[in-house]
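This is query04.txt. It holds compact mmCIF, C-alpha atoms and all ligand atoms.
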# COMPACT_ATOMS: atom_id res chain seq x y z
CA MET A 1 73.18 123.37 122.70
CA GLY A 2 72.54 119.85 123.92
CA VAL A 3 74.81 117.68 121.81
CA GLU A 4 75.37 114.11 122.94
CA LYS A 5 78.92 112.84 122.69
CA MET A 6 79.83 109.83 120.63
CA ASP A 7 79.92 106.47 122.35
CA LYS A 8 80.99 103.13 120.93
CA SER A 9 77.59 101.89 119.77
CA LYS A 10 76.73 105.24 118.16
CA ALA A 11 80.10 105.34 116.44
CA ILE A 12 79.73 101.82 115.07
CA LYS A 13 76.29 102.65 113.69
CA LEU A 14 77.56 105.89 112.14
CA ILE A 15 80.55 104.20 110.48
CA GLN A 16 78.32 101.45 109.07
CA ASP A 17 75.74 103.92 107.77
CA LEU A 18 78.42 106.06 106.14
CA SER A 19 80.08 103.02 104.57
CA ASN A 20 76.74 101.88 103.13
CA ALA A 21 75.84 105.35 101.82
CA ARG A 22 76.30 105.59 98.06
CA GLY A 23 78.14 108.57 96.67
CA ILE A 24 80.73 108.82 93.93
CA SER A 25 82.28 112.22 93.27
CA ALA A 26 79.60 114.92 92.80
CA PHE A 27 76.88 112.47 93.86
CA GLU A 28 77.59 112.73 97.59
CA ASP A 29 74.02 113.67 98.60
CA GLU A 30 73.38 110.58 100.74
CA VAL A 31 76.63 111.11 102.60
CA THR A 32 76.08 114.82 103.19
CA GLY A 33 72.54 114.07 104.38
CA LEU A 34 73.82 111.60 106.99
CA PHE A 35 76.62 113.93 108.01
CA LYS A 36 74.33 116.93 108.48
CA ARG A 37 71.94 114.91 110.63
CA GLU A 38 74.86 113.72 112.74
CA VAL A 39 76.32 117.18 113.39
CA ALA A 40 72.96 118.92 113.86
CA ASP A 41 73.19 121.36 116.79
CA THR A 42 76.99 121.39 116.92
CA GLY A 43 77.07 124.75 115.12
CA GLU A 44 75.86 126.56 112.03
CA ILE A 45 75.62 124.18 109.05
CA THR A 46 75.64 125.21 105.40
CA GLU A 47 76.01 123.28 102.14
CA ASP A 48 77.05 124.68 98.77
CA HIS A 49 76.09 123.53 95.28
CA MET A 50 79.15 121.34 94.98
CA ARG A 51 77.92 119.29 98.00
CA ASN A 52 80.56 120.77 100.28
CA VAL A 53 79.22 121.01 103.85
CA PHE A 54 80.48 123.56 106.38
CA VAL A 55 79.98 123.46 110.14
CA ASN A 56 80.92 126.50 112.21
CA HIS A 57 81.63 125.57 115.82
CA GLN A 58 79.09 127.32 118.03
CA PHE A 59 81.70 129.26 120.04
CA ASN A 60 83.58 130.71 117.03
CA ASN A 61 84.02 134.46 117.45
CA GLY A 62 86.00 135.46 114.35
CA GLU A 63 88.89 136.79 116.42
CA ARG A 64 91.06 133.69 116.76
CA PRO A 65 93.06 131.48 114.40
CA VAL A 66 90.77 129.41 112.19
CA VAL A 67 91.30 125.65 112.15
CA GLU A 68 89.82 123.83 109.16
CA LEU A 69 88.91 120.21 109.78
CA ASP A 70 88.63 118.40 106.45
CA ALA A 71 87.35 115.07 105.25
CA HIS A 72 86.15 114.17 101.78
CA SER A 73 82.77 112.55 101.37
CA ASP A 74 83.03 110.86 97.96
CA GLU A 75 84.04 107.28 97.19
CA VAL A 76 85.57 105.66 94.13
CA GLY A 77 83.05 104.11 91.74
CA PHE A 78 82.00 104.19 88.12
CA MET A 79 79.75 106.05 85.68
CA ILE A 80 77.73 104.67 82.78
CA ARG A 81 79.35 105.80 79.54
CA ALA A 82 77.18 104.24 76.88
CA ILE A 83 74.43 101.65 76.45
CA LYS A 84 75.05 99.03 73.79
CA PRO A 85 72.24 97.69 71.56
CA ASN A 86 72.34 94.37 73.50
CA GLY A 87 71.68 96.12 76.84
CA GLN A 88 75.23 95.87 78.15
CA MET A 89 76.53 99.15 79.54
CA MET A 90 79.99 100.59 79.06
CA PHE A 91 81.41 102.54 82.00
CA VAL A 92 84.30 104.74 83.07
CA ASN A 93 86.14 104.64 86.38
CA VAL A 94 85.51 107.51 88.79
CA GLY A 95 88.66 107.67 90.90
CA GLY A 96 91.57 105.26 90.92
CA TRP A 97 90.86 101.56 90.34
CA ALA A 98 93.13 98.63 89.53
CA THR A 99 91.38 96.63 86.79
CA VAL A 100 92.09 93.37 88.60
CA THR A 101 89.55 94.27 91.34
CA ILE A 102 86.67 95.23 89.03
CA PRO A 103 85.42 92.13 87.10
CA ALA A 104 82.56 90.03 88.53
CA GLN A 105 81.69 92.57 91.23
CA LYS A 106 78.08 93.21 92.20
CA VAL A 107 77.20 96.87 91.78
CA LYS A 108 74.31 99.30 92.21
CA ILE A 109 73.40 101.71 89.43
CA GLN A 110 71.18 104.73 90.14
CA ASN A 111 68.42 105.22 87.60
CA ARG A 112 66.66 108.44 86.65
CA ASN A 113 64.09 107.99 89.42
CA GLY A 114 66.81 107.76 92.05
CA GLU A 115 66.33 103.99 92.53
CA TRP A 116 69.39 101.76 92.90
CA ILE A 117 69.36 98.86 90.43
CA SER A 118 71.44 95.72 91.02
CA GLY A 119 73.90 94.71 88.35
CA ILE A 120 77.19 92.95 87.86
CA VAL A 121 80.38 93.81 86.09
CA SER A 122 80.17 91.28 83.31
CA SER A 123 82.97 89.22 81.95
CA THR A 124 83.22 86.45 79.43
CA PRO A 125 82.45 83.01 80.92
CA PRO A 126 85.52 80.73 80.84
CA HIS A 127 83.69 78.47 78.36
CA PHE A 128 83.97 81.14 75.70
CA MET A 129 87.56 82.13 76.42
CA THR A 130 90.68 80.91 74.72
CA ALA A 131 93.40 79.43 76.94
CA GLU A 132 95.33 82.70 76.59
CA GLU A 133 92.32 84.83 77.52
CA ARG A 134 91.75 82.84 80.70
CA THR A 135 95.12 83.83 82.10
CA ARG A 136 95.28 87.51 81.18
CA LEU A 137 93.57 90.51 82.74
CA PRO A 138 90.80 92.20 80.77
CA LYS A 139 91.13 95.89 79.94
CA THR A 140 88.52 98.19 81.52
CA THR A 141 87.19 98.91 78.04
CA GLU A 142 86.45 95.19 77.60
CA LEU A 143 84.27 95.15 80.71
CA SER A 144 80.65 96.20 80.87
CA ILE A 145 77.87 96.33 83.42
CA ASP A 146 74.91 93.98 83.07
CA VAL A 147 71.56 94.37 84.83
CA GLY A 148 70.10 91.39 83.01
CA ALA A 149 68.62 93.36 80.11
CA SER A 150 68.72 92.17 76.51
CA SER A 151 68.35 95.47 74.69
CA ALA A 152 69.00 99.19 75.00
CA GLN A 153 65.24 99.70 74.83
CA GLU A 154 64.79 97.58 77.98
CA ILE A 155 67.45 99.62 79.78
CA GLU A 156 65.57 102.77 78.86
CA GLU A 157 62.00 101.62 79.47
CA ILE A 158 62.23 99.01 82.23
CA TYR A 159 65.35 99.95 84.16
CA GLY A 160 65.34 103.71 83.58
CA ILE A 161 69.12 103.84 83.47
CA GLU A 162 70.73 106.64 81.49
CA VAL A 163 74.17 107.64 80.31
CA GLY A 164 75.84 109.48 83.23
CA ALA A 165 74.31 107.20 85.88
CA PRO A 166 76.51 106.75 88.99
CA VAL A 167 77.60 103.24 89.99
CA VAL A 168 78.99 101.97 93.30
CA PRO A 169 80.02 98.53 94.61
CA ASP A 170 77.09 96.72 96.25
CA VAL A 171 78.54 95.99 99.69
CA THR A 172 76.90 96.05 103.12
CA CYS A 173 79.15 96.93 106.04
CA GLU A 174 79.64 94.34 108.80
CA TYR A 175 81.13 94.93 112.23
CA ASN A 176 82.72 92.06 114.13
CA GLU A 177 82.53 92.72 117.88
CA GLN A 178 85.14 90.08 118.65
CA THR A 179 87.85 91.38 116.34
CA GLY A 180 86.82 95.04 116.42
CA LEU A 181 86.99 95.15 112.63
CA PHE A 182 84.61 96.58 110.06
CA LEU A 183 84.37 94.95 106.63
CA GLY A 184 82.74 97.20 104.06
CA LYS A 185 83.23 99.59 101.19
CA ALA A 186 84.27 103.23 100.92
CA PHE A 187 86.16 103.65 104.21
CA ASP A 188 88.22 106.01 102.04
CA ASN A 189 86.87 108.30 103.10
CA ARG A 190 83.76 107.56 105.12
CA ILE A 191 85.95 106.85 108.13
CA GLY A 192 87.30 110.40 107.74
CA THR A 193 83.71 111.61 107.44
CA ALA A 194 82.86 109.77 110.68
CA LEU A 195 85.88 111.33 112.41
CA LEU A 196 84.87 114.80 111.24
CA ALA A 197 81.34 114.36 112.60
CA SER A 198 82.56 112.75 115.84
CA THR A 199 85.09 115.51 116.50
CA MET A 200 82.46 118.21 116.02
CA LYS A 201 80.03 116.37 118.30
CA ASP A 202 82.49 115.65 121.08
CA MET A 203 83.88 119.21 121.01
CA ALA A 204 80.52 120.95 120.63
CA ASN A 205 80.37 122.19 124.21
CA GLU A 206 84.07 122.81 124.74
CA LYS A 207 85.47 126.33 124.83
CA LEU A 208 88.62 126.40 122.73
CA ASP A 209 91.29 129.00 121.92
CA VAL A 210 90.73 128.66 118.18
CA ASP A 211 87.77 128.92 115.81
CA VAL A 212 86.91 125.54 114.32
CA VAL A 213 85.23 125.05 110.96
CA ALA A 214 84.53 121.58 109.61
CA GLY A 215 84.57 121.27 105.84
CA LEU A 216 83.19 118.03 104.43
CA SER A 217 84.50 118.34 100.90
CA SER A 218 83.30 116.70 97.71
CA GLN A 219 85.12 115.22 94.71
CA GLU A 220 88.50 114.34 96.26
CA GLU A 221 88.79 111.14 94.24
CA VAL A 222 88.79 113.04 90.95
CA GLY A 223 91.47 115.54 92.00
CA ASP A 224 90.62 117.28 95.29
CA ARG A 225 88.09 119.54 93.57
CA GLY A 226 85.81 120.15 96.55
CA ALA A 227 88.73 121.02 98.82
CA GLU A 228 89.81 123.76 96.42
CA VAL A 229 86.50 125.51 96.92
CA VAL A 230 86.21 124.76 100.64
CA VAL A 231 89.59 126.24 101.53
CA ARG A 232 88.78 129.51 99.74
CA LYS A 233 85.65 129.85 101.85
CA ILE A 234 87.14 128.86 105.22
CA LYS A 235 90.51 130.62 104.76
CA PRO A 236 92.16 128.54 107.48
CA ASP A 237 95.25 129.37 109.53
CA LEU A 238 95.73 125.67 110.36
CA ALA A 239 94.20 122.46 109.11
CA ILE A 240 93.68 118.85 110.11
CA VAL A 241 92.72 116.41 107.37
CA PHE A 242 90.98 113.13 108.24
CA GLU A 243 91.62 110.35 105.76
CA GLY A 244 91.27 106.65 105.20
CA ALA A 245 94.73 105.74 103.95
CA PRO A 246 95.66 102.49 102.20
CA ALA A 247 97.03 99.99 104.73
CA ASP A 248 100.36 98.49 103.76
CA ASP A 249 100.69 95.66 106.28
CA THR A 250 99.71 92.93 103.82
CA VAL A 251 102.21 94.01 101.18
CA MET A 252 105.27 95.41 102.96
CA PRO A 253 108.02 93.77 105.02
CA ASP A 254 107.82 94.56 108.77
CA TYR A 255 110.36 97.37 108.67
CA LEU A 256 108.38 99.19 105.98
CA ILE A 257 104.90 98.96 107.51
CA GLN A 258 103.71 102.54 108.01
CA SER A 259 99.96 102.11 107.99
CA GLY A 260 99.15 98.77 109.59
CA LEU A 261 95.69 97.83 110.76
CA ARG A 262 95.20 98.33 114.55
CA LYS A 263 98.56 100.09 114.86
CA GLY A 264 97.03 103.53 115.38
CA PRO A 265 96.26 106.52 113.17
CA MET A 266 98.88 107.41 110.62
CA LEU A 267 100.44 110.88 110.53
CA ARG A 268 101.78 111.52 107.06
CA ASP A 269 105.18 113.20 106.78
CA PHE A 270 105.41 113.17 103.02
CA ASP A 271 103.56 112.17 99.89
CA SER A 272 103.77 113.31 96.30
CA THR A 273 101.67 116.41 97.07
CA ILE A 274 102.70 117.61 100.55
CA VAL A 275 105.63 117.82 102.92
CA THR A 276 103.87 118.17 106.25
CA ASN A 277 104.82 121.25 108.29
CA PRO A 278 107.39 119.60 110.61
CA HIS A 279 106.57 121.85 113.59
CA PHE A 280 102.86 121.08 113.53
CA GLN A 281 103.70 117.41 112.94
CA ARG A 282 106.02 117.37 115.98
CA PHE A 283 103.34 119.08 118.09
CA ALA A 284 100.86 116.36 117.08
CA LEU A 285 103.36 113.55 117.74
CA ASP A 286 104.14 114.96 121.20
CA ILE A 287 100.44 115.13 122.06
CA ALA A 288 100.01 111.51 120.95
CA LYS A 289 102.87 110.49 123.22
CA GLU A 290 101.60 112.44 126.24
CA ASN A 291 98.22 110.78 125.89
CA ASN A 292 99.49 107.27 125.15
CA ILE A 293 97.88 107.27 121.71
CA PRO A 294 99.68 104.92 119.31
CA VAL A 295 100.49 106.57 115.99
CA GLN A 296 102.28 105.58 112.82
CA ARG A 297 104.27 107.87 110.55
CA SER A 298 104.50 107.53 106.85
CA VAL A 299 106.74 108.69 104.08
CA ARG A 300 104.87 107.71 100.95
CA THR A 301 106.36 107.39 97.50
CA GLY A 302 103.07 108.35 95.84
CA GLY A 303 99.64 109.42 96.97
CA GLY A 304 97.95 112.72 97.58
CA GLN A 305 94.98 114.17 99.42
CA ASP A 306 93.07 117.34 100.30
CA GLY A 307 95.78 118.52 102.71
CA ALA A 308 97.98 119.57 99.82
CA ILE A 309 95.29 121.84 98.39
CA ILE A 310 94.63 123.39 101.81
CA ASN A 311 98.32 123.88 102.51
CA ARG A 312 98.99 125.50 99.15
CA TYR A 313 96.10 127.96 99.35
CA ASN A 314 97.72 130.24 101.92
CA GLY A 315 100.35 128.10 103.59
CA ALA A 316 98.28 126.95 106.57
CA PRO A 317 100.23 124.27 108.46
CA THR A 318 98.33 121.07 107.76
CA ILE A 319 98.55 117.58 109.20
CA VAL A 320 96.87 114.44 107.91
CA ILE A 321 95.43 111.95 110.41
CA SER A 322 94.57 108.71 108.63
CA VAL A 323 92.90 105.48 109.64
CA PRO A 324 94.55 102.55 107.83
CA VAL A 325 92.17 100.95 105.33
CA ARG A 326 93.09 97.50 104.06
CA TYR A 327 92.31 97.25 100.34
CA ALA A 328 91.34 100.90 99.83
CA HIS A 329 89.93 101.57 96.35
CA THR A 330 88.51 98.06 96.07
CA PRO A 331 84.94 96.99 96.92
CA TYR A 332 85.83 95.26 100.21
CA CYS A 333 87.92 96.91 102.90
CA PHE A 334 88.82 96.38 106.57
CA ILE A 335 89.27 99.05 109.22
CA ALA A 336 89.69 98.75 112.99
CA TYR A 337 87.42 100.48 115.50
CA LYS A 338 90.46 101.06 117.69
CA ASP A 339 92.18 103.10 114.97
CA TYR A 340 89.08 105.30 114.66
CA GLU A 341 88.97 105.77 118.44
CA ASN A 342 92.65 106.69 118.65
CA ALA A 343 92.38 109.09 115.71
CA LEU A 344 89.45 110.83 117.39
CA GLU A 345 91.28 111.12 120.73
CA LEU A 346 94.33 112.56 118.98
CA ALA A 347 92.33 115.17 117.06
CA LYS A 348 90.47 116.30 120.16
CA ASN A 349 93.63 116.64 122.22
CA ILE A 350 95.31 118.64 119.46
CA LEU A 351 92.35 121.04 119.21
CA ARG A 352 92.38 121.58 122.99
CA LYS A 353 96.00 122.71 122.89
CA LEU A 354 95.95 124.94 119.83
CA ASN A 355 96.09 128.73 120.25
CA ALA A 356 97.54 131.80 118.51
CA GLN A 357 100.82 131.58 120.40
CA GLN A 358 101.31 127.92 119.51
CA LEU A 359 100.50 128.69 115.86
CA SER A 360 103.22 131.38 115.80
CA LYS A 361 105.77 128.62 116.54
CA PHE A 362 104.76 126.54 113.52
ZN ZN B 401 90.87 107.62 97.87
Would you kindly transcribe this structure into C-alpha cells?
Amino acid sequence: MGVEKMDKSKAIKLIQDLSNARGISAFEDEVTGLFKREVADTGEITEDHMRNVFVNHQFNNGERPVVELDAHSDEVGFMIRAIKPNGQMMFVNVGGWATVTIPAQKVKIQNRNGEWISGIVSSTPPHFMTAEERTRLPKTTELSIDVGASSAQEIEEIYGIEVGAPVVPDVTCEYNEQTGLFLGKAFDNRIGTALLASTMKDMANEKLDVDVVAGLSSQEEVGDRGAEVVVRKIKPDLAIVFEGAPADDTVMPDYLIQSGLRKGPMLRDFDSTIVTNPHFQRFALDIAKENNIPVQRSVRTGGGQDGAIINRYNGAPTIVISVPVRYAHTPYCFIAYKDYENALELAKNILRKLNAQQLSKF
C-alpha cells in the first residue's frame, strides 16, 4: 500500500489538528475520525462502540509475538450537570483538574445538534466579593458555566444545551517555528495519538519480526476504561504506550527534573500503577543510546496510565514513552516538536529490533 511517511510539516499539522479536536472521555469521535483518516492504508482499521480504534499492520501474519501500541484519545474536560433557573449551568469535572486552573476559562459546550457553543466558567466579579472571598479559591461546586443566557428556557430553546453535554477548553493550538514549541490544549494525550499514527505510517511498508496492532483507546482520563477493553481484544505479548506526561521542569529543582521540555521522551520506571519490566526498559534505553536519542527516566510518586492495565492483563512487558507536557490537565500546555520527533525515532527503532527471541529475554 502506498503510505507516505511523516515529515515535519505534516506532523505539525497533525499535532495541531489533534490538539484542536474536542473529545472528553466517551466523546472522542472527532479524534478517532482524524486518527482513522491519518492511518488509512497502513493496515486494517476497525472501531468498536466504546470509540476504541484498532489498526492491524498490513504484514501481520498471526504467527509472531503481538506488540500492542497504545495511546488514549480522550482529554480532560467537563460535563453539564444541571441547568439553574437563571441559565447558569452546573458542571462536573471529567478527569483530574486542580480548581485553581478552572475559573474564568473560555470553553466550548456541545449542544444537542452537535454545535459547539462558546461559554465561560463564571465567577463572582470582585465588586461583589468580600475581602476574604477575593483571596480564597472557589470550590468547583461554586463555579458554573455561562453562555450568556438569562433563563433555563433560553438554554433549552436558543442554545439547545442539555444535561450531559460535553465541555472542553476553547483553545486553538499555535506552533512557533523559532522555538519549536506548540502551545495548545489536550497534548495529554493527543501527542500520544499523533505518535501512534506517525509510527503506523512510517512503519507501514517495513517488514518486521513481530505483529503490530495499534490500539487508540478511549476513556483513560476516567480510569483507563478503554484500555481494559482494548487489551482483551489485542491480547499482546509486548506493549508500548505513548503518553503526554506532565513536565516537571518548572516545579522541581534541577536534580529532580525527570520530564523536562526539550530533554527527550521520558521512559517511566515506576508510578503508582506500574513497575516497568526492567529488561524491556533496558532494551529501550540501549536502543536510545545506540541511536543518539536523548531520553529521560522517571520514578514518579503518583500517576498512572494505560500501561498498567495492559501489563496486568496477561503480564506483557510494557514500556511507556512520554512526551513532556508543561501544564498537563490545564487549558494551556506546551510541548516541543523535538520531543515528539525523538519519541517517534525511539519507537520505530525498538519495533525494528523486536522478535520472539528478544521477547524471551524479557
Ligand atoms: Zn491525563
Please list, as a PyMOL selection string, the residues that have an atom at most 9 Å away from (85.0, 97.5, 115.8) in the coordinates of this file, counting all atoms listed in the file.
chain A and resi 8+12+175-182+335-338+340
Exercise for review: Starting from the point (90.8, 119.2, 120.5), work out which residues of protein, DNA or RNA have an atom no more than 10 Å away when counting only C-alpha atoms; state them as a list of chain:residue names.
Suggested key: A:Thr199, A:Met200, A:Asp202, A:Met203, A:Glu206, A:Lys207, A:Leu208, A:Asp209, A:Val210, A:Val212, A:Leu344, A:Glu345, A:Leu346, A:Ala347, A:Lys348, A:Asn349, A:Ile350, A:Leu351, A:Arg352, A:Lys353, A:Leu354
With only C-alpha atoms and all ligand atoms counted, collect every polymer residue having an atom within 12 Å of ligand ZN 401 (chain B); state the result as JSON, numbers by chain. {"A": [24, 25, 71, 72, 73, 74, 75, 76, 77, 94, 95, 96, 97, 185, 186, 187, 188, 189, 190, 191, 192, 218, 219, 220, 221, 222, 223, 224, 242, 243, 244, 245, 246, 247, 303, 304, 305, 306, 322, 324, 325, 327, 328, 329, 330]}
Item checked: CA of Phe35 in chain A to CA of Leu196 in chain A, straight-line distance in Å ->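 So the answer is 8.9 Å.
Closest approach to Gly264 in chain A among A:Ala343, A:Val230, A:Val121, A:Met252 is made by A:Ala343 (distances from all atoms listed in the file).
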ask   = Contacts of range 233-238 of chain A at 6 Å or less, counting only C-alpha atoms, minus same-chain residues fewer than 4 places along, as a list of chain:residue names?
value =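 The residues that qualify are A:Pro65, A:Val66, A:Val67, A:Glu68, A:Ala316, A:Pro317, A:Thr318.
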*asked:* I'd like the neighbourhood of Ala204 in chain A as a PyMOL selection string, where a residue qualifies if any of its atoms comes within 12 Å (using only C-alpha atoms), though same-chain residues fewer than 3 positions away should be ignored.
replied: chain A and resi 1-6+39-44+55-60+197-201+207-208+211-214+348+351
**Prompt:** What does the distance from CA of Arg297 in chain A to CA of Ile15 in chain A come to in Å, to one decimal?
**Reply:**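 Separation of CA of Arg297 in chain A and CA of Ile15 in chain A: 24.0 Å.
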query = Hey, which of A:Gly215, A:Gly23, A:Pro253, A:Gly87 ends up closest to Glu157 in chain A? Count only C-alpha atoms.
reply =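 The shortest atom-to-atom distance to Glu157 in chain A comes from A:Gly87.
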Worksheet item: In Å to one decimal, how far is CA of Gly184 in chain A from CA of Thr172 in chain A?
Response: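 Atom-to-atom, CA of Thr172 in chain A and CA of Gly184 in chain A are spaced 6.0 Å apart.
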- Restricting the calculation to all atoms listed in the file, which member of A:Leu137, A:Val229, A:Ser217, A:Met90 is positioned closest to Phe27 in chain A?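 The shortest atom-to-atom distance to Phe27 in chain A comes from A:Ser217.
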- Message: Nearest residue to Gly226 in chain A out of A:Gly315, A:Gln16, A:Gly307, A:Lys361, using only C-alpha atoms?
- Response: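 Checking each candidate against Gly226 in chain A, we get A:Gly307 as the closest.
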Top pick for closest residue to Thr99 in chain A, considering A:Gln153, A:Asn20, A:Ser259, A:Thr141 and counting only C-alpha atoms |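 Going through A:Gln153, A:Asn20, A:Ser259, A:Thr141 one by one, the smallest distance to Thr99 in chain A is for A:Thr141.
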Can you pull out the residues contacting Gly114 in chain A? Cut-off 12 Å, using only C-alpha atoms, and skip same-chain residues under 3 positions away; I want them as a short mmCIF file (atom, residue, chain, number, x, y, z; two decimals) with C-alpha atoms, in the frame of the given file.
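Produced file result_29.cif, reproduced below:
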data_model
loop_
_atom_site.label_atom_id
_atom_site.label_comp_id
_atom_site.auth_asym_id
_atom_site.auth_seq_id
_atom_site.Cartn_x
_atom_site.Cartn_y
_atom_site.Cartn_z
CA ARG A 22 76.30 105.59 98.06
CA PHE A 27 76.88 112.47 93.86
CA ASP A 29 74.02 113.67 98.60
CA GLU A 30 73.38 110.58 100.74
CA LYS A 108 74.31 99.30 92.21
CA ILE A 109 73.40 101.71 89.43
CA GLN A 110 71.18 104.73 90.14
CA ASN A 111 68.42 105.22 87.60
CA ILE A 117 69.36 98.86 90.43
CA TYR A 159 65.35 99.95 84.16
CA GLY A 160 65.34 103.71 83.58
CA ILE A 161 69.12 103.84 83.47
CA GLU A 162 70.73 106.64 81.49
CA ALA A 165 74.31 107.20 85.88
CA PRO A 166 76.51 106.75 88.99
CA VAL A 167 77.60 103.24 89.99
#
Output file: range 151-167 of chain A, N, CA, C and O atoms, as a JSON list (two decimals), in the first residue's frame:
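Once everything was written out, this is part05.json:
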[["chain", "number", "residue", "atom", "x", "y", "z"],
["A", 151, "SER", "N", -32.05, 32.48, 31.40],
["A", 151, "SER", "CA", -33.03, 31.53, 31.95],
["A", 151, "SER", "C", -32.77, 30.13, 31.42],
["A", 151, "SER", "O", -32.14, 29.95, 30.37],
["A", 152, "ALA", "N", -33.30, 29.15, 32.15],
["A", 152, "ALA", "CA", -33.17, 27.75, 31.72],
["A", 152, "ALA", "C", -33.90, 27.55, 30.40],
["A", 152, "ALA", "O", -33.47, 26.76, 29.55],
["A", 153, "GLN", "N", -35.00, 28.30, 30.23],
["A", 153, "GLN", "CA", -35.78, 28.18, 28.99],
["A", 153, "GLN", "C", -34.94, 28.60, 27.77],
["A", 153, "GLN", "O", -34.98, 27.97, 26.72],
["A", 154, "GLU", "N", -34.15, 29.68, 27.95],
["A", 154, "GLU", "CA", -33.26, 30.11, 26.86],
["A", 154, "GLU", "C", -32.23, 29.04, 26.53],
["A", 154, "GLU", "O", -31.93, 28.80, 25.36],
["A", 155, "ILE", "N", -31.67, 28.44, 27.57],
["A", 155, "ILE", "CA", -30.67, 27.37, 27.36],
["A", 155, "ILE", "C", -31.29, 26.27, 26.52],
["A", 155, "ILE", "O", -30.68, 25.78, 25.56],
["A", 156, "GLU", "N", -32.50, 25.93, 26.85],
["A", 156, "GLU", "CA", -33.21, 24.85, 26.16],
["A", 156, "GLU", "C", -33.56, 25.26, 24.72],
["A", 156, "GLU", "O", -33.24, 24.56, 23.77],
["A", 157, "GLU", "N", -34.18, 26.42, 24.58],
["A", 157, "GLU", "CA", -34.76, 26.78, 23.27],
["A", 157, "GLU", "C", -33.77, 27.45, 22.33],
["A", 157, "GLU", "O", -33.80, 27.22, 21.12],
["A", 158, "ILE", "N", -32.91, 28.31, 22.85],
["A", 158, "ILE", "CA", -32.00, 29.05, 21.97],
["A", 158, "ILE", "C", -30.67, 28.33, 21.80],
["A", 158, "ILE", "O", -30.16, 28.19, 20.70],
["A", 159, "TYR", "N", -30.13, 27.86, 22.93],
["A", 159, "TYR", "CA", -28.79, 27.26, 22.87],
["A", 159, "TYR", "C", -28.81, 25.75, 22.61],
["A", 159, "TYR", "O", -27.84, 25.18, 22.12],
["A", 160, "GLY", "N", -29.92, 25.11, 22.97],
["A", 160, "GLY", "CA", -30.02, 23.66, 22.73],
["A", 160, "GLY", "C", -29.07, 22.82, 23.57],
["A", 160, "GLY", "O", -28.68, 21.72, 23.18],
["A", 161, "ILE", "N", -28.69, 23.38, 24.73],
["A", 161, "ILE", "CA", -27.76, 22.64, 25.58],
["A", 161, "ILE", "C", -28.54, 21.82, 26.60],
["A", 161, "ILE", "O", -29.51, 22.30, 27.20],
["A", 162, "GLU", "N", -28.10, 20.58, 26.79],
["A", 162, "GLU", "CA", -28.80, 19.67, 27.70],
["A", 162, "GLU", "C", -27.87, 19.17, 28.79],
["A", 162, "GLU", "O", -26.65, 19.22, 28.65],
["A", 163, "VAL", "N", -28.49, 18.66, 29.85],
["A", 163, "VAL", "CA", -27.74, 17.96, 30.88],
["A", 163, "VAL", "C", -26.97, 16.82, 30.19],
["A", 163, "VAL", "O", -27.51, 16.15, 29.31],
["A", 164, "GLY", "N", -25.70, 16.63, 30.57],
["A", 164, "GLY", "CA", -24.89, 15.58, 29.94],
["A", 164, "GLY", "C", -24.04, 16.09, 28.79],
["A", 164, "GLY", "O", -23.28, 15.34, 28.19],
["A", 165, "ALA", "N", -24.16, 17.40, 28.47],
["A", 165, "ALA", "CA", -23.38, 17.96, 27.36],
["A", 165, "ALA", "C", -21.89, 17.98, 27.70],
["A", 165, "ALA", "O", -21.52, 18.38, 28.81],
["A", 166, "PRO", "N", -21.03, 17.59, 26.75],
["A", 166, "PRO", "CA", -19.58, 17.65, 26.99],
["A", 166, "PRO", "C", -19.05, 19.07, 26.83],
["A", 166, "PRO", "O", -19.57, 19.85, 26.03],
["A", 167, "VAL", "N", -18.01, 19.38, 27.60],
["A", 167, "VAL", "CA", -17.41, 20.72, 27.61],
["A", 167, "VAL", "C", -15.89, 20.56, 27.54],
["A", 167, "VAL", "O", -15.32, 19.72, 28.23]]
